[in-house]
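So this block is upload.tsv, TSV, C-alpha atoms and all ligand atoms:
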```
chain	number	residue	atom	x	y	z
A	1	MET	CA	64.08	69.53	97.71
A	2	ASN	CA	64.80	73.20	97.48
A	3	PHE	CA	66.15	73.91	94.01
A	4	GLU	CA	65.98	77.67	94.52
A	5	ARG	CA	69.07	77.67	96.69
A	6	GLN	CA	71.07	76.26	93.80
A	7	VAL	CA	70.12	78.91	91.28
A	8	PRO	CA	73.10	81.20	90.74
A	9	MET	CA	72.68	84.89	90.11
A	10	ASN	CA	74.74	86.92	87.67
A	11	ILE	CA	76.32	89.95	89.30
A	12	THR	CA	78.44	92.39	87.31
A	13	VAL	CA	81.20	93.78	89.50
A	14	HIS	CA	82.81	97.06	88.46
A	15	TYR	CA	86.20	97.91	89.93
A	16	LEU	CA	87.35	101.49	90.35
A	17	ALA	CA	90.70	103.15	91.02
A	18	GLN	CA	93.24	100.96	92.85
A	19	LEU	CA	90.97	97.93	92.62
A	20	LYS	CA	90.75	98.24	88.86
A	21	GLN	CA	94.51	98.42	88.65
A	22	ALA	CA	94.96	95.43	90.96
A	23	ALA	CA	92.30	93.31	89.28
A	24	GLY	CA	93.68	94.20	85.86
A	25	MET	CA	90.15	94.67	84.49
A	26	PRO	CA	87.38	97.24	84.84
A	27	SER	CA	84.62	94.69	85.46
A	28	GLU	CA	83.68	91.03	85.48
A	29	VAL	CA	80.53	88.92	85.79
A	30	ILE	CA	80.38	86.66	88.81
A	31	ASP	CA	77.96	83.88	89.76
A	32	VAL	CA	76.74	84.04	93.33
A	33	PRO	CA	74.08	81.97	95.10
A	34	GLU	CA	70.61	83.39	95.44
A	35	GLY	CA	70.22	85.53	98.54
A	36	CYS	CA	73.90	86.54	98.46
A	37	SER	CA	74.68	89.69	100.43
A	38	VAL	CA	77.21	92.39	99.57
A	39	HIS	CA	79.39	91.10	102.40
A	40	ALA	CA	79.31	87.55	100.97
A	41	LEU	CA	80.10	88.89	97.50
A	42	LEU	CA	83.15	90.73	98.84
A	43	LYS	CA	84.34	87.60	100.64
A	44	GLN	CA	83.94	85.65	97.42
A	45	LEU	CA	85.96	88.28	95.56
A	46	MET	CA	88.69	88.11	98.20
A	47	GLU	CA	88.97	84.37	97.69
A	48	ARG	CA	88.63	84.43	93.91
A	49	ARG	CA	91.29	87.13	93.53
A	50	ALA	CA	93.33	86.46	96.64
A	51	HIS	CA	96.62	87.43	95.01
A	52	THR	CA	95.49	90.73	93.60
A	53	LEU	CA	92.56	92.14	95.56
A	54	ARG	CA	92.92	90.71	99.04
A	55	ALA	CA	95.33	93.35	100.36
A	56	LEU	CA	93.01	96.12	99.17
A	57	VAL	CA	89.72	94.59	100.24
A	58	CYS	CA	90.55	92.93	103.57
A	59	ASP	CA	90.92	94.34	107.06
A	60	SER	CA	93.31	92.87	109.62
A	61	ALA	CA	90.69	90.31	110.68
A	62	GLY	CA	90.32	89.04	107.12
A	63	LEU	CA	86.90	90.63	106.68
A	64	PRO	CA	85.86	93.15	104.02
A	65	HIS	CA	87.37	96.49	105.04
A	66	PRO	CA	84.85	99.00	106.48
A	67	ALA	CA	86.27	101.79	104.31
A	68	LEU	CA	85.34	100.06	101.06
A	69	LEU	CA	82.61	101.89	99.21
A	70	VAL	CA	80.07	99.61	97.57
A	71	PHE	CA	77.29	100.75	95.30
A	72	VAL	CA	74.45	98.74	93.79
A	73	GLY	CA	73.48	100.67	90.72
A	74	ASP	CA	74.06	104.25	91.83
A	75	ASP	CA	73.21	103.73	95.52
A	76	GLN	CA	75.73	103.14	98.28
A	77	VAL	CA	74.73	100.04	100.24
A	78	GLU	CA	75.50	98.44	103.58
A	79	PRO	CA	77.26	95.04	103.70
A	80	ASN	CA	74.05	93.25	104.67
A	81	GLN	CA	72.27	94.38	101.51
A	82	VAL	CA	70.95	91.35	99.61
A	83	LEU	CA	71.79	91.30	95.92
A	84	ARG	CA	69.44	90.52	93.09
A	85	ASP	CA	70.12	88.74	89.81
A	86	GLY	CA	71.54	91.19	87.27
A	87	ASP	CA	72.72	93.76	89.80
A	88	HIS	CA	75.64	95.95	88.89
A	89	VAL	CA	77.91	96.38	91.89
A	90	THR	CA	80.63	99.03	91.96
A	91	VAL	CA	83.45	98.57	94.43
A	92	LEU	CA	85.78	101.45	95.23
A	93	THR	CA	88.74	101.71	97.52
A	94	PRO	CA	88.69	105.39	98.34
A	95	MET	CA	91.22	107.73	96.81
A	96	ALA	CA	93.29	110.28	98.66
A	97	GLY	CA	95.49	111.49	95.86
A	98	GLY	CA	96.03	115.21	95.94
B	1	MET	CA	83.26	146.77	93.70
B	2	THR	CA	85.95	148.85	92.00
B	3	ASP	CA	86.07	149.56	88.27
B	4	VAL	CA	89.18	147.40	87.99
B	5	GLU	CA	87.38	144.48	89.65
B	6	ARG	CA	84.33	144.98	87.46
B	7	ALA	CA	86.58	144.83	84.39
B	8	MET	CA	88.65	141.89	85.67
B	9	TYR	CA	85.57	139.77	86.42
B	10	ALA	CA	83.50	140.98	83.45
B	11	TRP	CA	83.17	137.57	81.79
B	12	GLN	CA	81.97	135.78	84.93
B	13	LEU	CA	79.69	138.63	86.03
B	14	ASP	CA	77.57	137.69	83.03
B	15	VAL	CA	77.01	134.14	84.32
B	16	ALA	CA	73.30	133.63	84.99
B	17	GLY	CA	72.54	133.76	88.70
B	18	PHE	CA	75.95	135.17	89.65
B	19	GLY	CA	76.32	138.90	88.91
B	20	GLU	CA	77.70	141.56	91.24
B	21	GLU	CA	76.06	140.03	94.30
B	22	GLY	CA	77.78	136.71	93.68
B	23	GLN	CA	81.08	138.48	93.12
B	24	ARG	CA	80.69	140.44	96.37
B	25	ARG	CA	80.06	137.20	98.26
B	26	LEU	CA	83.19	135.63	96.80
B	27	LYS	CA	85.23	138.67	97.79
B	28	GLN	CA	84.03	138.35	101.39
B	29	ALA	CA	84.77	134.63	101.50
B	30	SER	CA	87.81	132.75	102.68
B	31	VAL	CA	88.97	129.21	101.90
B	32	LEU	CA	91.59	126.95	103.44
B	33	VAL	CA	93.31	124.80	100.82
B	34	SER	CA	94.96	121.83	102.49
B	35	ARG	CA	98.02	121.20	100.32
B	36	CYS	CA	98.56	123.24	97.22
B	37	GLY	CA	100.15	120.52	95.11
B	38	GLY	CA	98.46	118.98	92.08
B	39	VAL	CA	94.78	119.18	92.97
B	40	GLY	CA	95.01	122.00	95.51
B	41	GLY	CA	97.18	124.11	93.21
B	42	HIS	CA	94.67	124.02	90.36
B	43	LEU	CA	91.81	124.59	92.78
B	44	ALA	CA	93.51	127.57	94.45
B	45	ALA	CA	94.36	129.16	91.10
B	46	GLU	CA	90.71	129.04	90.04
B	47	LEU	CA	89.55	130.48	93.37
B	48	ALA	CA	92.08	133.31	93.15
B	49	MET	CA	91.17	134.20	89.57
B	50	ALA	CA	87.46	134.02	90.40
B	51	GLY	CA	87.97	136.61	93.15
B	52	VAL	CA	87.71	134.66	96.41
B	53	GLY	CA	88.83	137.24	98.96
B	54	LYS	CA	91.16	135.19	101.13
B	55	ILE	CA	92.97	131.94	100.39
B	56	VAL	CA	95.03	130.12	103.00
B	57	LEU	CA	97.46	127.57	101.61
B	58	ALA	CA	98.69	124.92	104.05
B	59	HIS	CA	101.54	122.83	102.70
B	60	ALA	CA	104.85	121.84	104.28
B	61	GLY	CA	108.10	121.00	102.59
B	62	ASN	CA	110.27	121.94	99.66
B	63	LEU	CA	109.45	121.52	96.00
B	64	ARG	CA	110.83	118.37	94.39
B	65	LEU	CA	111.48	117.68	90.75
B	66	ASP	CA	108.87	114.92	90.67
B	67	ASP	CA	106.18	117.39	91.84
B	68	LEU	CA	106.40	119.30	88.60
B	69	ASN	CA	104.27	117.05	86.40
B	70	ARG	CA	101.18	118.34	88.26
B	71	GLN	CA	101.88	121.18	90.73
B	72	VAL	CA	100.80	124.03	88.52
B	73	LEU	CA	101.63	126.87	90.93
B	74	MET	CA	105.29	125.85	91.19
B	75	SER	CA	108.22	126.33	88.84
B	76	HIS	CA	111.62	124.86	88.14
B	77	ALA	CA	113.17	128.01	89.55
B	78	GLY	CA	111.62	127.10	92.90
B	79	LEU	CA	113.10	123.61	93.21
B	80	ASN	CA	114.30	122.76	96.73
B	81	THR	CA	112.58	125.81	98.20
B	82	PRO	CA	109.35	125.81	100.26
B	83	ARG	CA	106.19	125.08	98.25
B	84	ALA	CA	103.63	127.24	100.05
B	85	PRO	CA	105.34	130.64	99.58
B	86	GLN	CA	105.93	130.14	95.86
B	87	ALA	CA	102.35	128.97	95.38
B	88	ALA	CA	101.12	132.03	97.28
B	89	GLU	CA	103.29	134.31	95.14
B	90	ARG	CA	101.85	132.80	91.97
B	91	LEU	CA	98.28	133.33	93.23
B	92	ARG	CA	99.04	136.98	94.01
B	93	ALA	CA	100.38	137.36	90.48
B	94	LEU	CA	97.17	135.83	89.09
B	95	ASN	CA	95.02	138.18	91.14
B	96	PRO	CA	96.55	141.01	93.18
B	97	CYS	CA	93.19	141.54	94.90
B	98	ALA	CA	93.37	138.13	96.58
B	99	ARG	CA	94.72	137.99	100.11
B	100	VAL	CA	96.85	134.87	100.15
B	101	GLU	CA	98.40	133.37	103.27
B	102	ALA	CA	101.08	130.72	103.02
B	103	VAL	CA	101.33	128.33	105.96
B	104	GLU	CA	104.37	126.11	105.69
B	105	GLU	CA	102.70	123.29	107.60
B	106	ASN	CA	100.50	120.36	106.68
B	107	VAL	CA	97.28	119.93	108.64
B	108	THR	CA	98.00	118.36	112.06
B	109	PRO	CA	96.01	117.82	115.26
B	110	GLU	CA	97.87	120.85	116.67
B	111	ASN	CA	97.06	123.36	113.94
B	112	VAL	CA	93.76	122.14	112.49
B	113	ASN	CA	91.54	124.12	114.85
B	114	ARG	CA	93.25	127.41	114.09
B	115	LEU	CA	93.42	126.77	110.34
B	116	VAL	CA	89.71	125.97	110.01
B	117	GLU	CA	88.67	128.74	112.42
B	118	ASN	CA	90.05	131.41	110.13
B	119	VAL	CA	88.08	130.50	107.01
B	120	ASP	CA	84.53	129.99	105.73
B	121	ALA	CA	85.16	126.75	103.83
B	122	VAL	CA	87.75	124.04	103.40
B	123	ALA	CA	89.23	122.37	100.33
B	124	CYS	CA	90.65	118.98	101.15
B	125	CYS	CA	93.40	118.06	98.69
B	126	ALA	CA	95.94	116.21	100.85
B	127	PRO	CA	97.56	112.97	99.74
B	128	LEU	CA	96.93	111.12	103.01
B	129	PHE	CA	93.68	109.93	104.55
B	130	GLU	CA	94.80	110.88	108.04
B	131	GLU	CA	94.92	114.54	107.02
B	132	ARG	CA	91.61	114.35	105.20
B	133	LEU	CA	89.83	112.71	108.12
B	134	LEU	CA	91.30	115.21	110.57
B	135	LEU	CA	90.19	118.13	108.45
B	136	ASN	CA	86.75	116.57	108.05
B	137	GLN	CA	86.39	116.17	111.81
B	138	GLU	CA	87.28	119.79	112.46
B	139	ALA	CA	85.19	121.20	109.61
B	140	VAL	CA	82.15	119.27	110.87
B	141	ARG	CA	82.83	120.43	114.45
B	142	GLN	CA	82.98	124.05	113.29
B	143	LYS	CA	80.04	123.45	110.90
B	144	LYS	CA	81.96	124.63	107.86
B	145	PRO	CA	81.54	123.13	104.39
B	146	LEU	CA	84.33	120.95	103.08
B	147	VAL	CA	85.01	119.93	99.51
B	148	ASP	CA	87.04	116.72	99.22
B	149	CYS	CA	88.90	116.26	95.95
B	150	ALA	CA	90.89	113.13	95.22
B	151	MET	CA	92.51	111.34	92.31
B	152	PHE	CA	94.21	108.12	91.34
B	153	GLU	CA	95.64	107.30	87.92
B	154	LEU	CA	93.01	108.51	85.42
B	155	GLU	CA	90.19	108.59	87.95
B	156	ALA	CA	88.92	111.29	90.27
B	157	GLN	CA	86.30	111.67	92.94
B	158	LEU	CA	84.60	114.64	94.51
B	159	VAL	CA	82.51	114.87	97.68
B	160	THR	CA	81.04	117.98	99.30
B	161	VAL	CA	80.40	117.77	103.04
B	162	LEU	CA	77.74	120.07	104.47
B	163	PRO	CA	77.93	119.40	108.22
B	164	GLY	CA	74.66	118.19	109.69
B	165	LYS	CA	73.10	117.91	106.24
B	166	THR	CA	75.15	115.39	104.28
B	167	ALA	CA	77.37	112.39	104.87
B	168	CYS	CA	80.84	113.37	106.06
B	169	LEU	CA	84.12	111.67	105.21
B	170	ALA	CA	83.95	109.66	108.45
B	171	CYS	CA	80.55	108.31	107.36
B	172	LEU	CA	82.26	107.04	104.21
B	173	TYR	CA	85.52	105.86	105.74
B	174	PRO	CA	85.07	104.77	109.37
B	175	ALA	CA	88.77	103.85	109.32
B	176	PRO	CA	91.64	104.90	107.07
B	177	PRO	CA	91.43	102.68	104.01
B	178	PRO	CA	93.96	99.92	103.46
B	179	ALA	CA	96.95	100.08	101.21
B	180	TRP	CA	96.88	103.74	100.20
B	181	GLN	CA	100.32	104.85	99.19
B	182	ARG	CA	101.69	108.35	99.33
B	183	ARG	CA	102.92	108.05	95.77
B	184	PHE	CA	100.40	107.03	93.15
B	185	PRO	CA	100.21	107.09	89.35
B	186	VAL	CA	98.71	110.28	87.91
B	187	PHE	CA	98.86	112.99	85.25
B	188	GLY	CA	98.73	116.69	86.05
B	189	ALA	CA	95.69	116.99	83.79
B	190	VAL	CA	93.75	114.71	86.15
B	191	ALA	CA	94.70	117.00	89.03
B	192	GLY	CA	93.47	119.89	86.91
B	193	VAL	CA	90.09	118.28	86.28
B	194	VAL	CA	89.35	117.46	89.90
B	195	GLY	CA	90.87	120.71	91.19
B	196	CYS	CA	88.65	122.73	88.87
B	197	LEU	CA	85.60	120.66	89.84
B	198	GLY	CA	86.37	121.36	93.49
B	199	ALA	CA	86.76	125.07	92.73
B	200	ILE	CA	83.36	125.10	91.03
B	201	GLU	CA	81.80	123.48	94.11
B	202	LEU	CA	83.33	126.17	96.32
B	203	ILE	CA	82.31	128.99	94.00
B	204	LYS	CA	78.73	127.66	94.04
B	205	LEU	CA	78.73	127.27	97.81
B	206	LEU	CA	80.27	130.64	98.60
B	207	SER	CA	78.38	132.75	96.07
B	208	GLY	CA	75.05	130.92	96.17
B	209	LEU	CA	75.27	130.44	92.40
B	210	ALA	CA	73.96	126.86	92.44
B	211	LEU	CA	73.57	123.86	94.70
B	212	PRO	CA	76.65	121.76	95.43
B	213	LEU	CA	76.70	117.95	95.60
B	214	GLU	CA	74.55	116.80	98.52
B	215	ASN	CA	75.00	113.22	99.72
B	216	GLN	CA	76.51	112.41	96.38
B	217	MET	CA	79.93	111.49	95.11
B	218	LEU	CA	81.03	112.44	91.64
B	219	LEU	CA	83.14	109.72	90.04
B	220	CYS	CA	85.14	110.63	86.97
B	221	ASP	CA	86.85	108.08	84.77
B	222	LEU	CA	89.02	110.11	82.44
B	223	ARG	CA	90.13	107.00	80.56
B	224	THR	CA	86.60	106.66	79.18
B	225	LEU	CA	85.39	110.20	79.99
B	226	ALA	CA	82.53	108.69	81.99
B	227	PHE	CA	81.20	110.96	84.74
B	228	ARG	CA	78.79	109.46	87.24
B	229	LYS	CA	77.08	110.63	90.43
B	230	VAL	CA	76.41	108.02	93.10
B	231	ILE	CA	74.30	108.45	96.22
B	232	LEU	CA	75.98	108.28	99.62
B	233	LEU	CA	74.70	106.95	102.93
B	234	ARG	CA	74.87	109.25	105.93
B	235	ARG	CA	75.50	107.17	109.03
B	236	ALA	CA	73.32	107.99	112.02
B	237	ASP	CA	76.01	106.47	114.26
B	238	CYS	CA	78.90	108.38	112.66
B	239	PRO	CA	81.28	109.41	115.46
B	240	VAL	CA	81.97	112.73	113.71
B	241	CYS	CA	78.61	113.96	112.37
B	242	GLY	CA	76.12	111.56	113.99
B	243	GLY	CA	75.07	114.03	116.68
B	244	LEU	CA	74.31	116.92	114.31
A	301	ZN	ZN	79.68	111.50	109.33
```
If you took the structure in this file and wrote it as structure tokens, what would it be?
Ligand SMILES: [Zn+2]
Amino acid sequence: MNFERQVPMNITVHYLAQLKQAAGMPSEVIDVPEGCSVHALLKQLMERRAHTLRALVCDSAGLPHPALLVFVGDDQVEPNQVLRDGDHVTVLTPMAGG
Amino acid sequence: MTDVERAMYAWQLDVAGFGEEGQRRLKQASVLVSRCGGVGGHLAAELAMAGVGKIVLAHAGNLRLDDLNRQVLMSHAGLNTPRAPQAAERLRALNPCARVEAVEENVTPENVNRLVENVDAVACCAPLFEERLLLNQEAVRQKKPLVDCAMFELEAQLVTVLPGKTACLACLYPAPPPAWQRRFPVFGAVAGVVGCLGAIELIKLLSGLALPLENQMLLCDLRTLAFRKVILLRRADCPVCGGL
């Protein structure tokens, strides 16, 4: 048996700008399975907060929008980046307000 | 430099690493400010007072009452009249040495080439991604630096694009982001913070005073006063800057 696959990781997700407003909170801690990618985390967020975040996070195909900016720690990452237990992930829908 | 200029800029001439050479460079420089509303208005005021030689303001439309919580170059007396000329007039009053051009148009595919061609650097302060991405594309094509300033509610972000050297806006946003609305919640003071930060980036770039942001985004949360720099990815396959 492979118990490792069952071990959840704690990821702290920080929301910025419109996402923070929509989520109604600046951050939350989420359990994800080991080996979870940024893409999988975003899909999980879309499902978990379907009513509030989905319109901001999703593209027309129902996938995480390519214009979302995602940072692990202070580094921007690609969707295929694999997360590690304890990571702090910042998600930002870009701003255009002038 | 004239005696009047030396007196007018006396306090900034004492800034370490700036001096008369920095001031001369600013005087020779020109900046396009795309929209002179909240962010662009504060930014343009700082550039004019600092002695940037030429400032081109591109902004269409008439001033509305609900602009006046943040558009610092405008006034109640100018309601229902074109924004760009009154902003230009205010800049000339702040610094008669500044050459200020008012263009009563927003950036479009038709005018972007000409607008960028006539300046050394671009300040991107428009409220729509389409305009920002268009300006980014043209600035990268003409290899001119672009400072992107944006705000939402009590948050602000700042990115400096150095074509061929740093990520551009198309690296960050391969498509216009979802659900951005023309009207958004904000205070004028937030516009002031990000406009002044953008002006500092331009002053550094144009005078050589210090290094601007390179492949970084400054994120400001004015609710908590947390300022943070994050590191950006430049995309090798970016359709705008990938070939540079
Ligand atoms: Zn690019």
How would you report the residues lying within 6 Å of ligand ZN 301 (chain A), as a compact mmCIF listing (two decimals) with C-alpha atoms, keeping the file's coordinate frame, if you count all atoms listed in the file?
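The file below, selection_27.txt, is the result:
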```txt
# COMPACT_ATOMS: atom_id res chain seq x y z
CA ALA B 167 77.37 112.39 104.87
CA CYS B 168 80.84 113.37 106.06
CA ALA B 170 83.95 109.66 108.45
CA CYS B 171 80.55 108.31 107.36
CA CYS B 238 78.90 108.38 112.66
CA VAL B 240 81.97 112.73 113.71
CA CYS B 241 78.61 113.96 112.37
CA GLY B 242 76.12 111.56 113.99
```
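If you measure from each of A:Ile11, A:Ala61, A:Ala96, A:Val82 to chain B using only C-alpha atoms, the closest one turns out to be A:Ala96.
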Task: Residues of chain B within 8 Å of chain A, counting all atoms listed in the file, as a PyMOL selection string - done: chain B and resi 35+37-40+125-129+132+149-153+155-157+172-180+182+184+191+229-233
TODO: Would you kindly return, as a list in words, each protein, DNA or RNA residue with an atom no farther than 8 Å from any atom of stretch 203-214 of chain B, considering all atoms listed in the file and excluding same-chain residues fewer than 2 positions away?
DONE: Gly17, Phe18, Glu21, Gly22, Gln23, Arg25, Leu26, Ala29, Leu47, Val159, Thr160, Val161, Leu162, Lys165, Thr166, Ala199, Ile200, Glu201, Gln216 and Met217 of chain B
- [ ] Select, counting all atoms listed in the file, all protein, DNA and RNA residues no farther than 10 Å from (86.7, 118.1, 114.2) in file coordinates, and express the selection as a ChimeraX atom specification.
- [x] /B:109,112-113,116,133-143,240-241
Please reconstruct the missing atoms of stretch 27-52 of chain A (target: N, CA and C atoms) and return them as an mmCIF file, in the frame of the given file.
```
data_model
loop_
_atom_site.group_PDB
_atom_site.id
_atom_site.type_symbol
_atom_site.label_atom_id
_atom_site.label_comp_id
_atom_site.auth_asym_id
_atom_site.auth_seq_id
_atom_site.Cartn_x
_atom_site.Cartn_y
_atom_site.Cartn_z
ATOM 1 N N SER A 27 85.832 95.354 84.945
ATOM 2 C CA SER A 27 84.620 94.690 85.460
ATOM 3 C C SER A 27 84.664 93.202 85.109
ATOM 4 N N GLU A 28 83.837 92.452 85.803
ATOM 5 C CA GLU A 28 83.680 91.030 85.480
ATOM 6 C C GLU A 28 82.303 90.576 85.972
ATOM 7 N N VAL A 29 81.825 89.482 85.374
ATOM 8 C CA VAL A 29 80.530 88.920 85.790
ATOM 9 C C VAL A 29 80.817 87.721 86.685
ATOM 10 N N ILE A 30 80.131 87.699 87.818
ATOM 11 C CA ILE A 30 80.380 86.660 88.810
ATOM 12 C C ILE A 30 79.062 85.959 89.147
ATOM 13 N N ASP A 31 79.125 84.650 89.304
ATOM 14 C CA ASP A 31 77.960 83.880 89.760
ATOM 15 C C ASP A 31 77.966 83.821 91.278
ATOM 16 N N VAL A 32 76.867 84.169 91.872
ATOM 17 C CA VAL A 32 76.740 84.040 93.330
ATOM 18 C C VAL A 32 75.429 83.319 93.625
ATOM 19 N N PRO A 33 75.341 82.662 94.783
ATOM 20 C CA PRO A 33 74.080 81.970 95.100
ATOM 21 C C PRO A 33 72.959 82.971 95.389
ATOM 22 N N GLU A 34 71.754 82.526 95.172
ATOM 23 C CA GLU A 34 70.610 83.390 95.440
ATOM 24 C C GLU A 34 70.617 83.805 96.913
ATOM 25 N N GLY A 35 70.235 85.036 97.162
ATOM 26 C CA GLY A 35 70.220 85.530 98.540
ATOM 27 C C GLY A 35 71.563 86.058 99.003
ATOM 28 N N CYS A 36 72.533 86.095 98.105
ATOM 29 C CA CYS A 36 73.900 86.540 98.460
ATOM 30 C C CYS A 36 73.875 88.007 98.884
ATOM 31 N N SER A 37 74.588 88.296 99.964
ATOM 32 C CA SER A 37 74.680 89.690 100.430
ATOM 33 C C SER A 37 75.928 90.339 99.837
ATOM 34 N N VAL A 38 76.020 91.649 100.000
ATOM 35 C CA VAL A 38 77.210 92.390 99.570
ATOM 36 C C VAL A 38 78.443 91.859 100.305
ATOM 37 N N HIS A 39 78.294 91.628 101.595
ATOM 38 C CA HIS A 39 79.390 91.100 102.400
ATOM 39 C C HIS A 39 79.887 89.764 101.834
ATOM 40 N N ALA A 40 78.938 88.866 101.509
ATOM 41 C CA ALA A 40 79.310 87.550 100.970
ATOM 42 C C ALA A 40 79.973 87.692 99.603
ATOM 43 N N LEU A 41 79.480 88.650 98.802
ATOM 44 C CA LEU A 41 80.100 88.890 97.500
ATOM 45 C C LEU A 41 81.559 89.331 97.676
ATOM 46 N N LEU A 42 81.778 90.240 98.619
ATOM 47 C CA LEU A 42 83.150 90.730 98.840
ATOM 48 C C LEU A 42 84.054 89.602 99.315
ATOM 49 N N LYS A 43 83.526 88.741 100.178
ATOM 50 C CA LYS A 43 84.340 87.600 100.640
ATOM 51 C C LYS A 43 84.673 86.680 99.464
ATOM 52 N N GLN A 44 83.697 86.492 98.590
ATOM 53 C CA GLN A 44 83.940 85.650 97.420
ATOM 54 C C GLN A 44 85.006 86.275 96.519
ATOM 55 N N LEU A 45 84.947 87.599 96.378
ATOM 56 C CA LEU A 45 85.960 88.280 95.560
ATOM 57 C C LEU A 45 87.347 88.135 96.171
ATOM 58 N N MET A 46 87.401 88.227 97.511
ATOM 59 C CA MET A 46 88.690 88.110 98.200
ATOM 60 C C MET A 46 89.301 86.732 97.958
ATOM 61 N N GLU A 47 88.453 85.726 97.917
ATOM 62 C CA GLU A 47 88.970 84.370 97.690
ATOM 63 C C GLU A 47 89.330 84.167 96.214
ATOM 64 N N ARG A 48 88.439 84.623 95.358
ATOM 65 C CA ARG A 48 88.630 84.430 93.910
ATOM 66 C C ARG A 48 89.885 85.159 93.425
ATOM 67 N N ARG A 49 90.143 86.338 93.984
ATOM 68 C CA ARG A 49 91.290 87.130 93.530
ATOM 69 C C ARG A 49 92.215 87.417 94.721
ATOM 70 N N ALA A 50 92.536 86.332 95.404
ATOM 71 C CA ALA A 50 93.330 86.460 96.640
ATOM 72 C C ALA A 50 94.654 87.162 96.386
ATOM 73 N N HIS A 51 95.283 86.887 95.247
ATOM 74 C CA HIS A 51 96.620 87.430 95.010
ATOM 75 C C HIS A 51 96.601 88.909 94.666
ATOM 76 N N THR A 52 95.500 89.355 94.088
ATOM 77 C CA THR A 52 95.490 90.730 93.600
ATOM 78 C C THR A 52 94.651 91.669 94.473
#
```
